[in-house]
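Peer 1: Dropping the structure in here first, questions after.
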Amino acid sequence: MKSNKTLLLEKSDNYFIEENNGLQPLENLPFLNKINIFIGTNNSGKSKFMRYLMSLDRFLFLDENIFISLDKKIDKFNIDFKGRYSLLPNLKREYNIKDSIDLLRSTGHFTNYELPRDLKITTEIRSPKFYYIPTLRTAHSLYLQTKEEQNFTNFGVKYEYEKIEDDILLHTLRKNYSLDKDIEIFTGVHLYKDILNTRNSKRETRKLFENFERFISRNFFDGKAIDIIAEFDKDESRKGNNTKEIISIHIEGEKHSRDLYNLGDGIQALIILMYKIFMAKDNSYVFIDEPEINLHPGMQRLFLEQIIANPDLSKKNLTYFISTHSNHFLDLTLEKDSISIYSFSSKTESDGEKKLIIKNVNAGDNDVLKNIGVNNSSVFMANCSIWVEGVSDRIYIRAFLKSYCKHNGKKYPKEDIDFAFFEYAGTNLDHYLFDDIDEEEQEEMIKDINAMSLSNRIFLLADSDNVRADSKKGKRLAKLEDVKSDNFIPEIIRTHREIENFLPNSVWESILIELCNKKIISENREEIDEKIHEVLKNIDANNYSKKYIGEFLNDIRTSLGEIAGKFILNQSEYEIGEKGNIGTLKNKRALSELVAEKGFSWEILRKSKAIEKLTESIYKFIENK
């Protein structure tokens with residue numbers, strides 16, 4: 001679901017926005033979200049645009065819902081097609097909806113539309129707090145050689161060093177880009193000083209740092225208690241020796257502390273990114289240039305997951321602007337609604353003028369991958385890949401795997417390192433599975449799969465849709481199974497119609513309440529919980545394994561009945577055809593996310609033999625390196 005927030009800007013001579021297959025001078029950035037990813041090739045204007053945003057002394061936001069409502073009113077009063085679509089951009093530019101509506105009223109078309117007196121069109125944020133993490137960053141202290149002496153005893157050379165106290169990276173950035181002094185730029189050069197000051201600050205500041213330490217502990221040191229220390233020797237400092245000032249990490253159960261500079265590049269890179277985010281003030285705006293530097297795809301996933309879902313960060317209500325070349329960020333955004341993606345590209349006109357073009361795109365847009373020079377095959381850098389039809393499949397499988405690993409004391413495989421998901425909906429494989437194609441196309445698809453599996457092991461999950469073995473689709477599925485090998489495992493679901501049919505009653509008992517009428521629930525929660533419990537004694541999801549899940553829900557709805565003349569379970573949750581035939585779920589993704597959020601134990605999930613078999617097969621495939 002796209003954001004309804006638009007950032008209003010002054011008309012630009014340098015940037016153009018691509019809308020409705022045309023270019024317009026940039027006057028607003030549509031669909032602004034909590035996380036906004038700018039992706040494009042080098043010299044496409046991503047970082048320059050971020051610096052432009054940081055130069056603004058206020059942010060003016062527009063609520064698109066007002067314009068959606070207005071558009072409906074215009075349609076209702078029969079304003080012609082051209083007028084409707086020329087009006088809305090004009091209103092955005094003028095910001096004065098009242099005057100525009102008065103003008104429409106004078107034509108006689110809009111007399112019945114009453115504008116609420118307290119209608120608030122825009123929200124203004126004055127002097128927003130900006131944090132900037134540039135590409136010019138390091139977790140290392142920087143040193144200057146101050147002395148060189150010949151050591152005649154060891155026949156070598158002795159060097160002396162002094163730590164550079166000035167943040168020369170910061171000075172370089174301010175000099176090159178004239179960045180405002182109010183922008184808090186974090187290069188990492190002063191990380192030692194920042195940690196030292198933080199550990200000696202007020203309780204509320206130390207609490208933020210403890211949250212940061214907890215993040216490092218959970219993700220890199222198996223949850224062991226850690227202390228990140230800015231070591232300080234006052235006697236040496238008084239002598240003018242600052243080389244003893246280092247950052248170290250003490251880990252519970254270890255005899256010696258570890259120096260930060262001896263940790264891997266990946267963890268150092270993540271510390272630089274996450275430290276400032278954890279310490280940022282509430283409601284701030286965080287700008288990050290190329291967070292993927294020194295981060296493996298698995299660490300890129302960890303970074304993105306933290307800024308999306310870490311509870312300590314969620315409370316801070318931060319807004320992120322991120323420039324990147326990483327196709328992995330695009331892949332990760334497929335699962336999230338709180339992310340907007342903007343593609344940046346450049347175009348040189350016949351007169352030599354260069355236009356910088358911005359386009360708001362959908363996650364997974366193949367054109368964006370082409371713009372940054374990524375071939376689909378290069379996306380798979382993990383040891384193996386799990387091919388699923390859509391996002392809900394990957395969410396279910398991830399939830400099943402996590403529960404399985406937790407129950408059996410196994411370490412959950414690292415996503416994008418040990419394995420990666422690939423969604424084939426909309427690809428040639430999707431065409432192969434669901435459309436009637438000729439023999440030549442079928443053979444070509446099989447060859448492509450064989451070729452890809454040579455460089456990356458593939459586990460393919462596909463629904464059979466209960467087709468007969470002698471049907472065209474049945475024969476195509478059989479061909480996939482015929483080319484099974486150590487590197488290619490096709491898992492065709494024949495016992496169930498779809499993956500949703502895997503869910504046992506014990507899962508449905510916990511989630512059905514979320515498919516019910518919200519108002520009725522608010523007044524009768526305990527009664528409805530009891531009704532669901534009783535109904536599931538007589539209706540078993542296992543008996544619907546080859547039926548559309550909507551048929552199961554419809555029978556549940558009938559059995560739950562009504563309260564105050566209204567059905568308890570919403571019929572809008574599943575498809576109903578014109579002839580009354582019942583189909584599948586309308587919002588499969590929402591249900592899969594609900595199952596994942598519940599975090600069901602393996603004792604509950606394994607009640608479904610289909611879940612148990614599939615999960616064990618996938619885990620074995622991932623581990624069989």
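Chain labels run A, B, ... following the order of the structure tokens; each chain numbers its residues from 1, and ligands are numbered from 1 in the order shown.
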For Gln24 in chain A, please output as a PyMOL selection string all residues within 12 Å (counting only C-alpha atoms; exclusion window: fewer than 6 positions along the same chain).

Peer 2: chain A and resi 11-18+89+355-359

Peer 1: Please produce a file of those selected residues containing N, CA and C atoms, as a compact mmCIF listing (two decimals), in the first residue's frame.

Peer 2:
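Output saved as selection-v7.txt:
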# COMPACT_ATOMS: atom_id res chain seq x y z
N LYS A 11 9.76 24.51 -7.49
CA LYS A 11 9.95 24.01 -8.84
C LYS A 11 11.44 23.97 -9.19
N SER A 12 11.88 22.81 -9.70
CA SER A 12 13.30 22.60 -9.96
C SER A 12 13.63 22.77 -11.44
N ASP A 13 14.81 23.34 -11.69
CA ASP A 13 15.32 23.42 -13.06
C ASP A 13 16.23 22.24 -13.39
N ASN A 14 16.64 21.50 -12.35
CA ASN A 14 17.60 20.42 -12.54
C ASN A 14 16.96 19.04 -12.55
N TYR A 15 15.92 18.88 -11.74
CA TYR A 15 15.30 17.57 -11.59
C TYR A 15 13.93 17.54 -12.25
N PHE A 16 13.64 16.37 -12.82
CA PHE A 16 12.34 16.16 -13.47
C PHE A 16 11.74 14.87 -12.92
N ILE A 17 10.44 14.85 -12.80
CA ILE A 17 9.77 13.65 -12.31
C ILE A 17 9.00 13.00 -13.45
N GLU A 18 9.11 11.68 -13.53
CA GLU A 18 8.42 10.94 -14.59
C GLU A 18 7.07 10.47 -14.06
N PRO A 89 -2.77 18.29 -10.36
CA PRO A 89 -1.41 18.82 -10.28
C PRO A 89 -1.38 20.31 -10.01
N LYS A 355 19.46 16.20 -17.99
CA LYS A 355 18.28 16.17 -17.13
C LYS A 355 18.43 15.03 -16.13
N LEU A 356 18.15 15.32 -14.87
CA LEU A 356 18.15 14.30 -13.83
C LEU A 356 16.70 13.91 -13.57
N ILE A 357 16.39 12.63 -13.74
CA ILE A 357 15.00 12.17 -13.76
C ILE A 357 14.73 11.27 -12.56
N ILE A 358 13.63 11.56 -11.86
CA ILE A 358 13.19 10.77 -10.71
C ILE A 358 11.88 10.10 -11.05
N LYS A 359 11.77 8.84 -10.66
CA LYS A 359 10.52 8.10 -10.89
C LYS A 359 10.20 7.27 -9.66

Peer 1: Name the closest residue to Asn197 in chain A among the candidates A:Trp387, A:Phe209, A:Phe459, A:Phe621; distances are taken between atoms, counting only C-alpha atoms.

Peer 2: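 Between A:Trp387, A:Phe209, A:Phe459, A:Phe621, the residue approaching Asn197 in chain A most closely is A:Phe209.
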
Peer 1: Any idea what's packed within 9 Å of Phe321 in chain A, counting only C-alpha atoms, ignoring anything in its chain fewer than 3 positions away? Could you give it as a VMD selection string?

Peer 2: chain A and resid 34 to 38 50 285 to 289

Peer 1: Set the distance at 9 Å and use only C-alpha atoms: which residues neighbour Phe220 in chain A once local chain neighbours fewer than 4 positions away are removed? I'd like the list as an NGL selection string.

Peer 2: :A and (215-216 or 267)

Peer 1: Which residues are near range 400-408 of chain A? Cut-off 12 Å, only C-alpha atoms, ignore same chain within fewer than 5 positions. Put them as JSON, numbers by chain.

Peer 2: {"A": [393, 394, 395, 413, 414, 415, 419, 499, 502, 503, 592, 595, 596, 597, 598, 599, 600, 601, 602, 603, 604, 605, 606, 608, 610, 611, 612, 613, 614, 615, 616, 617, 618, 619, 620, 622]}

Peer 1: Going by DSSP on the backbone, which bits of range 107-350 of chain A are strand (DSSP E or B)? Write them as a ChimeraX atom specification, please.

Peer 2: /A:122-126,130-133,143-151,156-163,184-185,226-230,247-251,258-259,285-289,319-324,339-348

Peer 1: Report as a ChimeraX atom specification all protein, DNA and RNA residues lying within 12 Å of Thr172 in chain A, evaluated on only C-alpha atoms, omitting residues in the same chain fewer than 4 positions from it.

Peer 2: /A:134,136-137,166-168,176-179,185,187

Peer 1: What lies within 12 Å of Glu527 in chain A using only C-alpha atoms, ignoring chain neighbours under 6 positions off, as a list in words?

Peer 2: Ile513, Ile520, Ile521, His533, Glu534, Leu560, Glu562, Ile563 and Ile568 of chain A

Peer 1: Please report the interatomic distance between CA of Pro291 in chain A and CA of Ser326 in chain A in Å with one decimal.

Peer 2: 9.0 Å
